[in-house]
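Report on one structure; see the data block that follows.
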Amino acid sequence: MPLYRVFIVEDHPIVLESLVELFEFEDGFETAGTAASAEEALDAFATSGAHLLVTDISLPGMSGLEMTRELCRRNPDVRVLVLSGHQGNIYSVQAREAGACGFVTKTAIVTDLIPALTRIAEGGHAFAS
């Protein structure tokens with residue numbers, strides 16, 4: 001299995017630590033960097049060596065969706081998966097329109113995150129509502 005380097009953007013420390021720990025123990029994944037805000041992520045992603053970016057929608061300052069638009073503009077090959085505590089098809093649609101390759105609700109992280117990341121890393125899409 002290839003090694004996928006993931007950059008995580010999450011402002012809640014407990015969720016961020018859980019994601020880092022998940023990638024530490026999941027074969028084929030490692031954390032390439034983290035940021036607590038979109039602005040911090042935009043500055044750090046380019047030098048992180050990450051293949052994938054996982055971001056929350058709700059961040060302080062610029063939203064995860066705005067950051068996704070900007071990151072995709074700067075790095076057309078980036079593969080973004082949006083995480084959200086918000087449920088509903090509208091958020092999945094907004095993530096896709098922003099340029100994300102996938103969307104997973106935080107309530108489904110345990111079952112859906114790794115399969116969704118694997119799918120987008122391999123060039124596919126993973127949108128759950």
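If you're wondering about the labels, chains in the structure tokens are A, B, ... by order shown, residues count from 1 in each chain, ligands from 1 in order shown.
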For this session: Using DSSP on the backbone coordinates, identify all residues within range 18-129 of chain A classified as strand (DSSP E or B); present the result as a ChimeraX atom specification.
Result: /A:29-35,52-56,79-84,102-105,126-127
For this session: Enumerate the residues of chain A with a DSSP assignment of alpha helix (DSSP H), computed from the backbone, and present them as a VMD selection string.
Result: chain A and resid 13 to 25 38 to 44 64 to 74 89 to 98 109 to 121
With N, CA and C atoms retained, write the just-selected residues as a compact mmCIF listing (two decimals), in the first residue's frame.
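Okay, this is what ended up in selection.txt:
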# COMPACT_ATOMS: atom_id res chain seq x y z
N PRO A 13 -8.72 21.07 19.54
CA PRO A 13 -7.54 20.25 19.87
C PRO A 13 -7.82 18.76 20.05
N ILE A 14 -8.93 18.40 20.65
CA ILE A 14 -9.22 16.99 20.88
C ILE A 14 -9.47 16.26 19.56
N VAL A 15 -10.21 16.91 18.65
CA VAL A 15 -10.45 16.29 17.33
C VAL A 15 -9.14 16.20 16.56
N LEU A 16 -8.34 17.25 16.61
CA LEU A 16 -7.05 17.25 15.91
C LEU A 16 -6.16 16.12 16.43
N GLU A 17 -6.04 16.01 17.75
CA GLU A 17 -5.21 14.95 18.34
C GLU A 17 -5.73 13.56 17.95
N SER A 18 -7.04 13.41 17.90
CA SER A 18 -7.63 12.12 17.52
C SER A 18 -7.30 11.77 16.07
N LEU A 19 -7.36 12.75 15.20
CA LEU A 19 -7.03 12.50 13.79
C LEU A 19 -5.55 12.15 13.62
N VAL A 20 -4.68 12.89 14.30
CA VAL A 20 -3.25 12.59 14.24
C VAL A 20 -3.00 11.17 14.72
N GLU A 21 -3.63 10.79 15.82
CA GLU A 21 -3.46 9.45 16.37
C GLU A 21 -4.01 8.39 15.41
N LEU A 22 -5.13 8.67 14.79
CA LEU A 22 -5.70 7.73 13.82
C LEU A 22 -4.71 7.44 12.70
N PHE A 23 -4.12 8.49 12.14
CA PHE A 23 -3.18 8.31 11.04
C PHE A 23 -1.89 7.64 11.50
N GLU A 24 -1.53 7.83 12.76
CA GLU A 24 -0.34 7.19 13.31
C GLU A 24 -0.49 5.68 13.32
N PHE A 25 -1.70 5.20 13.56
CA PHE A 25 -1.94 3.77 13.68
C PHE A 25 -2.54 3.12 12.44
N ALA A 38 -7.37 28.23 8.73
CA ALA A 38 -7.20 28.17 7.28
C ALA A 38 -5.98 28.98 6.85
N GLU A 39 -5.81 30.13 7.45
CA GLU A 39 -4.68 30.98 7.08
C GLU A 39 -3.35 30.28 7.35
N GLU A 40 -3.26 29.64 8.51
CA GLU A 40 -2.05 28.89 8.87
C GLU A 40 -1.84 27.74 7.88
N ALA A 41 -2.90 27.07 7.51
CA ALA A 41 -2.80 25.95 6.57
C ALA A 41 -2.33 26.41 5.20
N LEU A 42 -2.85 27.51 4.72
CA LEU A 42 -2.45 28.01 3.40
C LEU A 42 -0.95 28.31 3.36
N ASP A 43 -0.42 28.79 4.48
CA ASP A 43 1.02 29.08 4.54
C ASP A 43 1.85 27.81 4.64
N ALA A 44 1.36 26.80 5.37
CA ALA A 44 2.17 25.63 5.68
C ALA A 44 2.02 24.46 4.71
N GLY A 64 -13.26 26.60 6.16
CA GLY A 64 -12.62 25.51 5.46
C GLY A 64 -12.98 25.46 3.99
N LEU A 65 -14.20 25.89 3.67
CA LEU A 65 -14.61 25.91 2.26
C LEU A 65 -13.87 27.00 1.49
N GLU A 66 -13.74 28.19 2.09
CA GLU A 66 -12.98 29.26 1.44
C GLU A 66 -11.52 28.84 1.25
N MET A 67 -10.96 28.21 2.27
CA MET A 67 -9.58 27.75 2.19
C MET A 67 -9.43 26.71 1.09
N THR A 68 -10.40 25.80 0.97
CA THR A 68 -10.35 24.77 -0.07
C THR A 68 -10.32 25.41 -1.45
N ARG A 69 -11.17 26.41 -1.66
CA ARG A 69 -11.16 27.12 -2.96
C ARG A 69 -9.78 27.70 -3.25
N GLU A 70 -9.21 28.39 -2.27
CA GLU A 70 -7.91 29.03 -2.46
C GLU A 70 -6.81 28.00 -2.64
N LEU A 71 -6.82 26.95 -1.84
CA LEU A 71 -5.79 25.92 -1.94
C LEU A 71 -5.85 25.23 -3.30
N CYS A 72 -7.05 24.93 -3.78
CA CYS A 72 -7.21 24.30 -5.09
C CYS A 72 -6.76 25.25 -6.21
N ARG A 73 -6.95 26.53 -6.02
CA ARG A 73 -6.47 27.51 -7.01
C ARG A 73 -4.94 27.51 -7.05
N ARG A 74 -4.32 27.46 -5.88
CA ARG A 74 -2.86 27.49 -5.79
C ARG A 74 -2.23 26.15 -6.18
N ASN A 89 -27.16 17.37 2.93
CA ASN A 89 -26.63 17.36 1.58
C ASN A 89 -26.05 18.72 1.17
N ILE A 90 -26.58 19.81 1.68
CA ILE A 90 -26.11 21.14 1.28
C ILE A 90 -24.62 21.32 1.57
N TYR A 91 -24.14 20.75 2.69
CA TYR A 91 -22.72 20.90 3.03
C TYR A 91 -21.84 20.07 2.10
N SER A 92 -22.32 18.91 1.73
CA SER A 92 -21.60 18.07 0.78
C SER A 92 -21.52 18.78 -0.58
N VAL A 93 -22.61 19.37 -1.00
CA VAL A 93 -22.64 20.11 -2.27
C VAL A 93 -21.70 21.30 -2.22
N GLN A 94 -21.71 22.04 -1.11
CA GLN A 94 -20.82 23.20 -0.97
C GLN A 94 -19.36 22.77 -1.00
N ALA A 95 -19.04 21.64 -0.37
CA ALA A 95 -17.67 21.14 -0.38
C ALA A 95 -17.23 20.81 -1.81
N ARG A 96 -18.09 20.12 -2.55
CA ARG A 96 -17.79 19.78 -3.94
C ARG A 96 -17.58 21.05 -4.78
N GLU A 97 -18.47 22.03 -4.60
CA GLU A 97 -18.36 23.28 -5.36
C GLU A 97 -17.08 24.03 -5.02
N ALA A 98 -16.58 23.88 -3.81
CA ALA A 98 -15.34 24.55 -3.40
C ALA A 98 -14.10 23.87 -3.97
N ILE A 109 -16.72 9.61 11.22
CA ILE A 109 -15.26 9.54 11.08
C ILE A 109 -14.76 8.11 11.24
N VAL A 110 -15.21 7.44 12.26
CA VAL A 110 -14.69 6.11 12.57
C VAL A 110 -14.89 5.14 11.41
N THR A 111 -16.04 5.18 10.78
CA THR A 111 -16.33 4.20 9.72
C THR A 111 -15.99 4.69 8.31
N ASP A 112 -16.05 6.00 8.08
CA ASP A 112 -15.97 6.51 6.70
C ASP A 112 -14.68 7.24 6.33
N LEU A 113 -13.92 7.75 7.31
CA LEU A 113 -12.79 8.61 6.96
C LEU A 113 -11.71 7.89 6.16
N ILE A 114 -11.20 6.78 6.64
CA ILE A 114 -10.10 6.10 5.94
C ILE A 114 -10.54 5.60 4.57
N PRO A 115 -11.71 4.95 4.44
CA PRO A 115 -12.13 4.56 3.08
C PRO A 115 -12.29 5.76 2.14
N ALA A 116 -12.82 6.87 2.66
CA ALA A 116 -13.00 8.07 1.82
C ALA A 116 -11.64 8.64 1.40
N LEU A 117 -10.70 8.73 2.33
CA LEU A 117 -9.37 9.24 2.00
C LEU A 117 -8.66 8.34 1.00
N THR A 118 -8.79 7.05 1.17
CA THR A 118 -8.17 6.12 0.23
C THR A 118 -8.75 6.32 -1.17
N ARG A 119 -10.06 6.46 -1.25
CA ARG A 119 -10.73 6.67 -2.54
C ARG A 119 -10.24 7.96 -3.21
N ILE A 120 -10.18 9.05 -2.45
CA ILE A 120 -9.75 10.31 -3.10
C ILE A 120 -8.26 10.30 -3.41
N ALA A 121 -7.46 9.63 -2.59
CA ALA A 121 -6.02 9.54 -2.86
C ALA A 121 -5.77 8.78 -4.16
Problem set entry | Among the residues A:Gly102, A:Gln87, A:Asp11, A:Ala32, the one that comes closest to Gly61 in chain A [using only C-alpha atoms] |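 Looking only at the distances to Gly61 in chain A, the closest residue turns out to be A:Asp11.
Of the listed residues (A:Tyr4, A:Phe45, A:Phe103, A:Phe127), A:Tyr4 comes nearest to Gly28 in chain A; the distances count only C-alpha atoms.
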Exercise. Separation of CA of Leu3 in chain A and CA of Val80 in chain A, in Å?
Worked result: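 Here the two named atoms are 16.4 Å from each other.
Candidate residues A:Glu26, A:Asp77, A:Glu122, A:Asp56 were compared for distance to Thr105 in chain A, and the nearest is A:Asp56, using only C-alpha atoms.
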